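Heads up: the structure comes next, in structure tokens.
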2 protein chains.
Amino acid sequence: MTQDKENQSGKKGLSRRDFMKTTGGMAAVAGLSGGGLLLGAKSAGAVEMPKKWDEEFDVVIIGSGFAGLAAAIEAKKAGSSVVILEKMRVPGGNSIINGGLIAGAGTPLQDKEGIKDSADTMYQDMLKAGLGINHPELARIVCEKSAETIMWTVEDLGVVYKERVTHLGGHAVPRSYYTTNSSGAGIVRPMLDRARSLGLDVRTAMYLERFFKDEDGRIKGVKIRSGYVFPRADSGKAKLIKARKAVVLATGGFGFDVPFRTIQDPRLTAEIDCTNQPGATADGLIQALQTGATPVQLSWIQLGPWASPDEKGMGIGYIFAISAAFPYGFMVDPKTGQRFVDELADRKTRADAILKTGHFAIGIADEKGVKRTAMLDKMVERGIVKKFPNLEALAAEYDINEPGLRETVEKYNAYLKKGKDDEFGRPFQSDAKPVENPPYYAMRLWPKVHHTMGGIQIDKESRVISMARQPIKGLYAAGEVCGGVHGAVRLGSNATVECLVFGRIAGKSAANQDVWT
Amino acid sequence: MTQDKENQSGKKGLSRRDFMKTTGGMAAVAGLSGGGLLLGAKSAGAVEMPKKWDEEFDVVIIGSGFAGLAAAIEAKKAGSSVVILEKMRVPGGNSIINGGLIAGAGTPLQDKEGIKDSADTMYQDMLKAGLGINHPELARIVCEKSAETIMWTVEDLGVVYKERVTHLGGHAVPRSYYTTNSSGAGIVRPMLDRARSLGLDVRTAMYLERFFKDEDGRIKGVKIRSGYVFPRADSGKAKLIKARKAVVLATGGFGFDVPFRTIQDPRLTAEIDCTNQPGATADGLIQALQTGATPVQLSWIQLGPWASPDEKGMGIGYIFAISAAFPYGFMVDPKTGQRFVDELADRKTRADAILKTGHFAIGIADEKGVKRTAMLDKMVERGIVKKFPNLEALAAEYDINEPGLRETVEKYNAYLKKGKDDEFGRPFQSDAKPVENPPYYAMRLWPKVHHTMGGIQIDKESRVISMARQPIKGLYAAGEVCGGVHGAVRLGSNATVECLVFGRIAGKSAANQDVWT
């Protein structure tokens with residue numbers, strides 16, 4: 001309950017000024033309150049330690065995506081014994097099926113093209129997209145280490161990138177390196193090779209069941225299920241693994257976890273698909289929260305507005321949306337035949353607008369609009385994008401209000417002609433042409449869960465911060481399981497760099513942790 | 001990590017379609033994953049039970065605001081022995097200094113004025129303000145029980161309201177009852193009397209240090225500090241209180257807890273004041289999270305855009321803002337002298353816009369604009385609102401860009417004349433007059449934290465839901481410590497009714513819980 005009007009009861013000796021006097025003001029209150037909490041929270045989540053462990057390592061890493069592998073490589077190079085535990089049957093998590101784009105500020109490729117960029121410019125881009133709620137110190141580190149991290153993937157891992165940087169939405173300048181095979185596999189596979197060269201293999205089908213946190217508040221090991229068959233938490237055989245130095249949690253986001261994500265955003269039911277691999281559940285995150293980690297911004301979940309409901313996951317239809325319908329055509333609500341949002345607004349604005357219609361939106365472009373669209377034939381062949389001789393046929397196929405659609409085409413072409421979108425203020429491409437040249441192409445659009453910005457709280461050393469506002473000794477985390485780096489909205493290609501930057505930090509920090517006895 | 005482009009590695013046997021085959025699709029995955037979590041999470045947060053308790057009651061209630069008192073009254077009426085524990089020196093929490101407004105749909109006062117309203121209309125208002133992320137079943141209950149709850153305060157508690165319902169922003173119709181003394185004290189004091197008539201007194205200076213959760217996962221009591229002196233968590237004497245049936249958590253929001261709120265929204269530093277009483281910290285919420293409760297939408301924190309930095313807390317300056325500057329004048333950025341937002345937009349839009357300026361905004365109205373403003377002399381006397389013979393003097397006082405301000409006044413008056421705000425689309429009051437009649441009045445504006453929408457997850461019976469997606473036996477919660485009811489943004493006067501509705505439900509549910517032995 002809060003105060004919606006003046007404190008009338010002030011006269012009765014309950015005024016805020018009295019409160020302030022007795023407490024010495026807000027900052028002091030909060031400070032003391034924070035400190036005070038240590039008492040109650042000290043051994044929160046502590047459990048009995050096993051009499052005997054099945055195995056032991058200096059550093060136990062949970063997860064084998066970008067973050068987990070980066071942590072493993074650094075911890076091993078620092079001289080620690082390391083084990084990598086992956087719950088799925090294959091290593092790589094979402095990273096291996098990611099787009100293979102990684103952002104960096106002040107890189108050789110930018111220099112080559114004469115692109116002026118800096119860590120601060122990238123930082124400002126992240127804050128703007130993040131609506132200012134990013135954890136500043138975390139976002140800054142990602143930017144400052146972005147260029148050297150890309151060079152590390154080239155020099156230490158042998159990752160091969162395309163010749164030019166890509167310009168993605170929300171970034172002030174082109175700054176995204178792009179793997180030659182256009183996939184995160186182009187980074188994950190060299191990481192797996194590098195790990196192997198250090199004597200490290202990923203143990204798959206190993207599920208984190210719980211942390212062992214001792215009375216002294218230190219994480220000293222984990223209980224896992226060996227031979228786990230996703231998603232059956234009762235599968236596999238229990239195994240106790242001691243972490244002499246630390247555990248690094250790198251279990252990724254929870255985009256695929258319908259029950260958990262609907263708690264944070266009830267709109268994201270099973271009706272809404274996800275671009276992630278099915279292993280992207282909240283299990284690891286929940287274990288961390290149950291051992292005392294602090295939840296950060298869990299309700300900020302990113303949806304991709306460019307997704308097609310006519311294929312599973314990320315698919316390929318989004319290529320038509322981002323290269324044709326959005327920049328060279330438009331998107332309409334079939335019920336009215338009218339546009340309803342700036343087709344080039346940020347992901348959140350567009351996804352929310354489509355969800356609000358309560359049904360699918362239709363993305364439309366004409367012959368000239370698809371000039372730059374790769375894989376068009378494949379999309380048409382799969383029935384994700386459809387081709388029409390005229391607008392009548394297009395309207396009939398998707399049951400679009402036809403007069404509305406005709407009016408929309410006229411208005412759109414008029415706006416384009418005068419270079420001003422009176423309805424939604426959308427910017428026009430310099431080479432955009434009126435939509436009037438058959439054949440016409442169209443696709444259904446319905447957002448899919450793409451990234452979870454929230455997670456557990458970490459500090460600059462990747463230490464997991466407890467709700468007592470202290471690091472949880474022996475526990476580090478990196479990647480999408482952490483929250484705060486991206487704030488409200490993540491920019492494309494920033495996740496890859498975040499995972500590598502904090503994965504490396506976590507690995508080094510864990511290796512520097514003292515051994516408990 | 002998520003996938004920003006097509007899954008090129010599909011050819012390498014890692015396509016999502018393969019994943020889907022092996023898992024049988026998202027819903028199945030999520031379901032199983034959810035169920036599977038029970039294993040790991042069952043006894044999460046369990047601690048050793050005390051050998052001996054200092055005291056025992058059927059129902060132990062933490063907090064003495066609207067929610068705690070409503071729960072106490074209902075549990076006691078249902079025949080349970082009850083104790084109410086309040087950490088501050090005085091009972092009432094924020095409720096006793098709240099505005100005394102409570103929303104209800106389909107009430108006698110509405111009928112008297114011929115106002116058509118329904119639970120569904122109120123529900124739609126909440127969803128709209130909440131950006132659709134409200135927990136639907138919780139929001140609906142508040143609406144459905146709103147009218148009967150107001151009648152309960154009248155008939156069972158003897159609360160006295162003004163003769164007419166008030167129309168607050170975001171509500172489709174006038175539906176807010178208003179206590180005659182314009183304060184929540186007008187409801188809390190009758191509740192305290194009612195409790196006393198049932199033999200219940202509030203024990204003040206009693207701080208919740210921890211829950212006792214047994215191996216069976218049931219909350220069986222609490223450790224408190226008796227004689228606690230806020231905010232020193234090490235003050236007072238430890239005491240163990242057994243809860244034979246259940247504990248009801250009603251500790252309110254965390255608006256005053258700078259360390260905790262900045263984790264969720266780093267912009268909300270100590271530089272930003274709070275309209276709450278200083279006891280509004282996250283201590284109770286954190287104890288619940290540490291015992292396994294599920295965090296819900298913690299990063300949605302509401303700021304009041306009508307607040308003055310020249311007084312502490314809620315103060316009185318907001319009256320000038322909401323009754324003069326916003327409806328009959330305007331708000332400018334002193335650096336430019338220009339307006340920067342629709343002065344009648346929702347709280348979040350306006351507060352974010354003021355924060356974005358990085359400094360104070362100035363609210364301005366002229367002689368005609370303050371016609372309806374109560375307590376104007378008091379505000380001027382306190383120096384919160386200042387009076388000027390002309391715009392030059394006003395600009396000089398606040399170091400406002402004067403040419404900019406002159407231009408703004410001309411533009412504003414022109415918009416008003418043609419009835420259209422070309423810049424921000426702000427609606428004009430039918431009785432608004434051009435700003436041109438000295439003396440001029442102005443105040444500084446800087447948002448203050450007002451309400452925390454997020455909290456722990458509860459179900460329709462006020463049972464606290466664990467991260468294993470099961471009720472935590474023996475633990476109920478109600479009021480601002482819970483999340484989901486209001487979603488992203490709370491409407492004025494909805495907190496009071498929420499607290500009373502779920503407080504009563506929690507009290508009844510707790511009383512119906514079986515006694516453990």
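As shown in the structure tokens, the chain order sets the letters A, B, ...; within each chain, residues go from 1, and ligands are also counted from 1 in the order they appear.
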
Contacts of Glu436 in chain A at 12 Å or less, counting only C-alpha atoms, minus same-chain residues fewer than 6 places along, as a VMD selection string?
-> chain A and resid 328 to 329 364 to 369 389 to 391 406 408 to 410 412 to 414

With N, CA, C and O atoms retained, export the selected residues as a PDB file, in the first residue's frame.
```
ATOM      1  N   TYR A 328      10.330  -2.616 -47.122  1.00  0.00           N
ATOM      2  CA  TYR A 328       9.864  -2.251 -48.468  1.00  0.00           C
ATOM      3  C   TYR A 328       8.368  -2.473 -48.674  1.00  0.00           C
ATOM      4  O   TYR A 328       7.844  -2.264 -49.765  1.00  0.00           O
ATOM      5  N   GLY A 329       7.685  -2.941 -47.633  1.00  0.00           N
ATOM      6  CA  GLY A 329       6.244  -3.136 -47.705  1.00  0.00           C
ATOM      7  C   GLY A 329       5.629  -2.686 -46.400  1.00  0.00           C
ATOM      8  O   GLY A 329       6.058  -1.680 -45.843  1.00  0.00           O
ATOM      9  N   ILE A 364       3.310  -7.806 -45.996  1.00  0.00           N
ATOM     10  CA  ILE A 364       3.094  -7.766 -47.451  1.00  0.00           C
ATOM     11  C   ILE A 364       4.195  -6.991 -48.178  1.00  0.00           C
ATOM     12  O   ILE A 364       4.659  -5.952 -47.688  1.00  0.00           O
ATOM     13  N   ALA A 365       4.630  -7.502 -49.317  1.00  0.00           N
ATOM     14  CA  ALA A 365       5.573  -6.780 -50.183  1.00  0.00           C
ATOM     15  C   ALA A 365       5.267  -7.157 -51.639  1.00  0.00           C
ATOM     16  O   ALA A 365       4.625  -8.176 -51.898  1.00  0.00           O
ATOM     17  N   ASP A 366       5.695  -6.312 -52.572  1.00  0.00           N
ATOM     18  CA  ASP A 366       5.455  -6.648 -53.990  1.00  0.00           C
ATOM     19  C   ASP A 366       6.761  -7.093 -54.666  1.00  0.00           C
ATOM     20  O   ASP A 366       7.790  -7.244 -53.997  1.00  0.00           O
ATOM     21  N   GLU A 367       6.698  -7.283 -55.939  1.00  0.00           N
ATOM     22  CA  GLU A 367       7.837  -7.803 -56.703  1.00  0.00           C
ATOM     23  C   GLU A 367       9.115  -6.997 -56.435  1.00  0.00           C
ATOM     24  O   GLU A 367      10.176  -7.555 -56.185  1.00  0.00           O
ATOM     25  N   LYS A 368       8.972  -5.655 -56.440  1.00  0.00           N
ATOM     26  CA  LYS A 368      10.153  -4.818 -56.204  1.00  0.00           C
ATOM     27  C   LYS A 368      10.646  -4.937 -54.760  1.00  0.00           C
ATOM     28  O   LYS A 368      11.835  -4.801 -54.480  1.00  0.00           O
ATOM     29  N   GLY A 369       9.711  -5.213 -53.844  1.00  0.00           N
ATOM     30  CA  GLY A 369      10.057  -5.253 -52.418  1.00  0.00           C
ATOM     31  C   GLY A 369      10.887  -6.458 -52.016  1.00  0.00           C
ATOM     32  O   GLY A 369      11.556  -6.439 -50.977  1.00  0.00           O
ATOM     33  N   PRO A 389      -1.043 -13.251 -57.693  1.00  0.00           N
ATOM     34  CA  PRO A 389      -1.040 -12.457 -58.928  1.00  0.00           C
ATOM     35  C   PRO A 389      -1.591 -11.044 -58.691  1.00  0.00           C
ATOM     36  O   PRO A 389      -1.267 -10.111 -59.408  1.00  0.00           O
ATOM     37  N   ASN A 390      -2.465 -10.899 -57.672  1.00  0.00           N
ATOM     38  CA  ASN A 390      -3.044  -9.572 -57.400  1.00  0.00           C
ATOM     39  C   ASN A 390      -3.476  -9.475 -55.940  1.00  0.00           C
ATOM     40  O   ASN A 390      -3.466 -10.466 -55.205  1.00  0.00           O
ATOM     41  N   LEU A 391      -3.912  -8.279 -55.519  1.00  0.00           N
ATOM     42  CA  LEU A 391      -4.265  -8.050 -54.118  1.00  0.00           C
ATOM     43  C   LEU A 391      -5.548  -8.772 -53.712  1.00  0.00           C
ATOM     44  O   LEU A 391      -5.707  -9.214 -52.571  1.00  0.00           O
ATOM     45  N   ARG A 406      -7.029  -2.075 -49.736  1.00  0.00           N
ATOM     46  CA  ARG A 406      -6.830  -1.167 -50.883  1.00  0.00           C
ATOM     47  C   ARG A 406      -6.483   0.235 -50.380  1.00  0.00           C
ATOM     48  O   ARG A 406      -5.543   0.878 -50.836  1.00  0.00           O
ATOM     49  N   THR A 408      -5.180   1.024 -47.569  1.00  0.00           N
ATOM     50  CA  THR A 408      -3.859   1.003 -46.958  1.00  0.00           C
ATOM     51  C   THR A 408      -2.768   1.145 -48.019  1.00  0.00           C
ATOM     52  O   THR A 408      -1.822   1.912 -47.859  1.00  0.00           O
ATOM     53  N   VAL A 409      -2.923   0.412 -49.136  1.00  0.00           N
ATOM     54  CA  VAL A 409      -1.927   0.486 -50.204  1.00  0.00           C
ATOM     55  C   VAL A 409      -1.842   1.915 -50.752  1.00  0.00           C
ATOM     56  O   VAL A 409      -0.759   2.479 -50.887  1.00  0.00           O
ATOM     57  N   GLU A 410      -3.015   2.525 -50.973  1.00  0.00           N
ATOM     58  CA  GLU A 410      -3.023   3.905 -51.485  1.00  0.00           C
ATOM     59  C   GLU A 410      -2.326   4.843 -50.508  1.00  0.00           C
ATOM     60  O   GLU A 410      -1.448   5.616 -50.884  1.00  0.00           O
ATOM     61  N   TYR A 412      -0.212   4.147 -48.089  1.00  0.00           N
ATOM     62  CA  TYR A 412       1.219   3.832 -47.961  1.00  0.00           C
ATOM     63  C   TYR A 412       2.000   4.446 -49.127  1.00  0.00           C
ATOM     64  O   TYR A 412       3.005   5.136 -48.930  1.00  0.00           O
ATOM     65  N   ASN A 413       1.498   4.243 -50.325  1.00  0.00           N
ATOM     66  CA  ASN A 413       2.203   4.773 -51.501  1.00  0.00           C
ATOM     67  C   ASN A 413       2.247   6.300 -51.490  1.00  0.00           C
ATOM     68  O   ASN A 413       3.232   6.903 -51.918  1.00  0.00           O
ATOM     69  N   ALA A 414       1.170   6.917 -50.968  1.00  0.00           N
ATOM     70  CA  ALA A 414       1.147   8.390 -50.869  1.00  0.00           C
ATOM     71  C   ALA A 414       2.190   8.863 -49.857  1.00  0.00           C
ATOM     72  O   ALA A 414       2.960   9.791 -50.116  1.00  0.00           O
TER      73      ALA A 414
END
```

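Look at Leu303 in chain A: the protein and nucleic acid residues within 10 Å of it, using only C-alpha atoms and passing over chain neighbours fewer than 6 places away, are Gly255, Leu268, Ile272, Asp273, Cys274, Thr275, Arg347, Lys348, Thr349, Arg350, Ala351, Asp352, Trp446, Pro447, Lys448, Val449, His450, His451, Thr452 and Val489 of chain A.
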
Using C-alpha atoms, can you write the selected residues to a file as a compact mmCIF listing (two decimals), in the first residue's frame?
```txt
# COMPACT_ATOMS: atom_id res chain seq x y z
CA GLY A 255 12.53 -18.78 -23.08
CA LEU A 268 3.47 -15.89 -23.14
CA ILE A 272 3.40 -18.61 -28.35
CA ASP A 273 6.33 -20.52 -29.83
CA CYS A 274 9.98 -19.94 -29.00
CA THR A 275 13.07 -19.55 -31.17
CA ARG A 347 11.25 -5.48 -31.35
CA LYS A 348 9.16 -4.89 -28.23
CA THR A 349 6.91 -2.22 -29.74
CA ARG A 350 6.17 -4.35 -32.78
CA ALA A 351 5.70 -7.65 -30.92
CA ASP A 352 3.35 -6.03 -28.38
CA TRP A 446 2.99 -13.94 -34.80
CA PRO A 447 5.74 -13.18 -32.25
CA LYS A 448 7.89 -15.88 -30.67
CA VAL A 449 9.83 -15.78 -27.40
CA HIS A 450 13.43 -15.06 -28.29
CA HIS A 451 15.50 -14.00 -25.25
CA THR A 452 15.05 -13.59 -21.50
CA VAL A 489 15.49 -4.88 -24.30
```

One-decimal distance in Å that lies between CA of Pro190 in chain A and CA of Ser80 in chain A = 20.9 Å

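By only C-alpha atoms, and with residues fewer than 2 positions from range 52-57 of chain A along its chain excluded, the set lying at most 7 Å from it is Pro50, Val59, Val60, Ser81, Val82, Val83, Lys239, Leu240, Ile241, Lys242, Ala243 and Arg244 of chain A.
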
Residue selection dump (N, CA and C atoms) as a CSV table (one decimal), in the first residue's frame:
```csv
chain,number,residue,atom,x,y,z
A,50,PRO,N,27.3,-33.7,1.9
A,50,PRO,CA,27.4,-35.2,1.7
A,50,PRO,C,28.6,-35.7,2.5
A,59,VAL,N,37.0,-26.6,-10.5
A,59,VAL,CA,35.9,-25.8,-11.0
A,59,VAL,C,34.8,-26.7,-11.7
A,60,VAL,N,33.6,-26.6,-11.3
A,60,VAL,CA,32.5,-27.3,-12.0
A,60,VAL,C,31.6,-26.4,-12.8
A,81,SER,N,41.6,-27.8,-12.4
A,81,SER,CA,40.9,-29.0,-13.0
A,81,SER,C,39.5,-28.6,-13.2
A,82,VAL,N,39.0,-28.9,-14.3
A,82,VAL,CA,37.6,-28.5,-14.7
A,82,VAL,C,36.8,-29.6,-15.3
A,83,VAL,N,35.5,-29.5,-15.0
A,83,VAL,CA,34.5,-30.4,-15.6
A,83,VAL,C,33.4,-29.6,-16.2
A,239,LYS,N,24.4,-38.2,-8.7
A,239,LYS,CA,25.9,-38.2,-8.6
A,239,LYS,C,26.3,-37.0,-7.8
A,240,LEU,N,27.2,-37.1,-6.9
A,240,LEU,CA,27.6,-35.9,-6.1
A,240,LEU,C,29.0,-35.5,-6.5
A,241,ILE,N,29.1,-34.2,-7.0
A,241,ILE,CA,30.4,-33.7,-7.5
A,241,ILE,C,30.8,-32.5,-6.6
A,242,LYS,N,32.0,-32.7,-6.1
A,242,LYS,CA,32.6,-31.7,-5.2
A,242,LYS,C,33.3,-30.6,-6.0
A,243,ALA,N,33.1,-29.4,-5.7
A,243,ALA,CA,33.8,-28.2,-6.4
A,243,ALA,C,34.8,-27.7,-5.4
A,244,ARG,N,36.0,-28.0,-5.5
A,244,ARG,CA,37.1,-27.5,-4.6
A,244,ARG,C,37.2,-26.0,-4.6
```

Residue nearest Ala147 in chain B - candidates B:Leu289, B:Glu498, B:Met126, B:Ala282, atoms counted: only C-alpha atoms = B:Glu498

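Separating CA of Pro266 in chain A from CA of Gly487 in chain B is a distance of 9.5 Å.
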
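Between Asp120 in chain A and the residues A:Ser146, A:Ser299, A:Thr496, A:Ser95, the shortest atom-to-atom distance, using only C-alpha atoms, involves A:Ser146.
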
May I have the residues within 8 Å of Phe256 in chain B as an mmCIF file with N, CA and C atoms, in the first residue's frame, using only C-alpha atoms and disregarding those fewer than 2 positions away in the same chain?
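So out-v3.cif came out as:
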```
data_model
loop_
_atom_site.group_PDB
_atom_site.id
_atom_site.type_symbol
_atom_site.label_atom_id
_atom_site.label_comp_id
_atom_site.auth_asym_id
_atom_site.auth_seq_id
_atom_site.Cartn_x
_atom_site.Cartn_y
_atom_site.Cartn_z
ATOM 1 N N MET A 26 16.284 8.513 4.118
ATOM 2 C CA MET A 26 16.129 7.303 3.311
ATOM 3 C C MET A 26 17.420 6.525 3.110
ATOM 4 N N ALA A 30 17.990 2.750 4.221
ATOM 5 C CA ALA A 30 18.235 1.670 3.261
ATOM 6 C C ALA A 30 19.570 0.996 3.578
ATOM 7 N N PHE B 254 8.353 -2.547 -1.253
ATOM 8 C CA PHE B 254 9.750 -2.241 -0.932
ATOM 9 C C PHE B 254 10.176 -0.885 -1.511
ATOM 10 N N VAL B 258 16.167 1.250 -0.929
ATOM 11 C CA VAL B 258 17.013 1.692 -2.050
ATOM 12 C C VAL B 258 17.891 0.559 -2.588
ATOM 13 N N CYS B 274 10.783 8.824 -1.872
ATOM 14 C CA CYS B 274 9.724 7.828 -1.873
ATOM 15 C C CYS B 274 8.545 8.368 -1.091
ATOM 16 N N ASN B 276 6.398 6.546 0.423
ATOM 17 C CA ASN B 276 6.004 5.583 1.454
ATOM 18 C C ASN B 276 6.547 5.952 2.823
ATOM 19 N N GLN B 277 6.105 5.222 3.822
ATOM 20 C CA GLN B 277 6.733 5.343 5.147
ATOM 21 C C GLN B 277 8.021 4.508 5.106
ATOM 22 N N PRO B 278 9.027 4.897 5.901
ATOM 23 C CA PRO B 278 10.356 4.274 5.787
ATOM 24 C C PRO B 278 10.364 2.757 6.035
ATOM 25 N N GLY B 279 9.310 2.231 6.660
ATOM 26 C CA GLY B 279 9.270 0.788 6.909
ATOM 27 C C GLY B 279 9.011 -0.034 5.654
ATOM 28 N N ALA B 280 8.766 0.639 4.534
ATOM 29 C CA ALA B 280 8.460 -0.082 3.288
ATOM 30 C C ALA B 280 9.737 -0.631 2.658
ATOM 31 N N THR B 281 10.348 -1.630 3.321
ATOM 32 C CA THR B 281 11.574 -2.268 2.822
ATOM 33 C C THR B 281 11.265 -3.696 2.359
ATOM 34 N N VAL B 449 9.348 7.360 -5.845
ATOM 35 C CA VAL B 449 8.867 5.982 -5.835
ATOM 36 C C VAL B 449 7.571 5.925 -5.037
#
```

With only C-alpha atoms as the basis for distance, which of A:Phe502, A:Tyr441, A:Phe330, A:Tyr228 is at the shortest distance from Lys411 in chain A?
-> A:Phe330

For Leu101 in chain B: contacts at 8 Å, only C-alpha atoms, fewer than 5 positions along chain excluded, given as a PyMOL selection string = (chain A and resi 4) or (chain B and resi 176-179+182-184+492-493+496)

Looking only at helix (DSSP H, G or I) from DSSP on the backbone, list the matching residues of range 198-365 of chain B as an MDAnalysis selection string.
-> chainID B and resid 258:264 283:290 318:328 347:357

Written selection (C-alpha atoms) as an mmCIF file, in the first residue's frame:
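Saved file result-v3.cif follows:
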```
data_model
loop_
_atom_site.group_PDB
_atom_site.id
_atom_site.type_symbol
_atom_site.label_atom_id
_atom_site.label_comp_id
_atom_site.auth_asym_id
_atom_site.auth_seq_id
_atom_site.Cartn_x
_atom_site.Cartn_y
_atom_site.Cartn_z
ATOM 1 C CA VAL B 258 17.013 1.692 -2.050
ATOM 2 C CA PRO B 259 19.454 -1.239 -2.298
ATOM 3 C CA PHE B 260 16.740 -3.710 -3.289
ATOM 4 C CA ARG B 261 14.839 -1.433 -5.657
ATOM 5 C CA THR B 262 17.992 -0.350 -7.512
ATOM 6 C CA ILE B 263 18.678 -4.002 -8.320
ATOM 7 C CA GLN B 264 15.362 -4.046 -10.211
ATOM 8 C CA ASP B 283 12.836 -7.580 4.358
ATOM 9 C CA GLY B 284 9.621 -9.633 4.434
ATOM 10 C CA LEU B 285 9.670 -10.189 0.681
ATOM 11 C CA ILE B 286 13.264 -11.430 0.860
ATOM 12 C CA GLN B 287 12.450 -13.856 3.671
ATOM 13 C CA ALA B 288 9.658 -15.272 1.512
ATOM 14 C CA LEU B 289 11.945 -15.621 -1.516
ATOM 15 C CA GLN B 290 14.557 -17.326 0.626
ATOM 16 C CA TYR B 318 1.360 17.246 -5.977
ATOM 17 C CA ILE B 319 -1.981 18.981 -5.475
ATOM 18 C CA PHE B 320 -0.773 21.964 -7.547
ATOM 19 C CA ALA B 321 0.604 19.559 -10.186
ATOM 20 C CA ILE B 322 -2.542 17.450 -10.640
ATOM 21 C CA SER B 323 -5.111 20.251 -10.222
ATOM 22 C CA ALA B 324 -3.353 23.189 -11.904
ATOM 23 C CA ALA B 325 -0.113 22.691 -13.877
ATOM 24 C CA PHE B 326 -1.051 19.408 -15.597
ATOM 25 C CA PRO B 327 -4.713 20.113 -16.523
ATOM 26 C CA TYR B 328 -4.645 23.951 -16.874
ATOM 27 C CA ARG B 347 2.142 8.001 -14.467
ATOM 28 C CA LYS B 348 4.878 5.878 -16.024
ATOM 29 C CA THR B 349 5.135 7.862 -19.259
ATOM 30 C CA ARG B 350 5.401 11.171 -17.421
ATOM 31 C CA ALA B 351 7.779 9.974 -14.695
ATOM 32 C CA ASP B 352 10.120 8.374 -17.267
ATOM 33 C CA ALA B 353 10.097 11.579 -19.311
ATOM 34 C CA ILE B 354 11.045 13.739 -16.314
ATOM 35 C CA LEU B 355 13.797 11.305 -15.276
ATOM 36 C CA LYS B 356 15.138 11.382 -18.827
ATOM 37 C CA THR B 357 15.743 15.150 -18.638
#
```
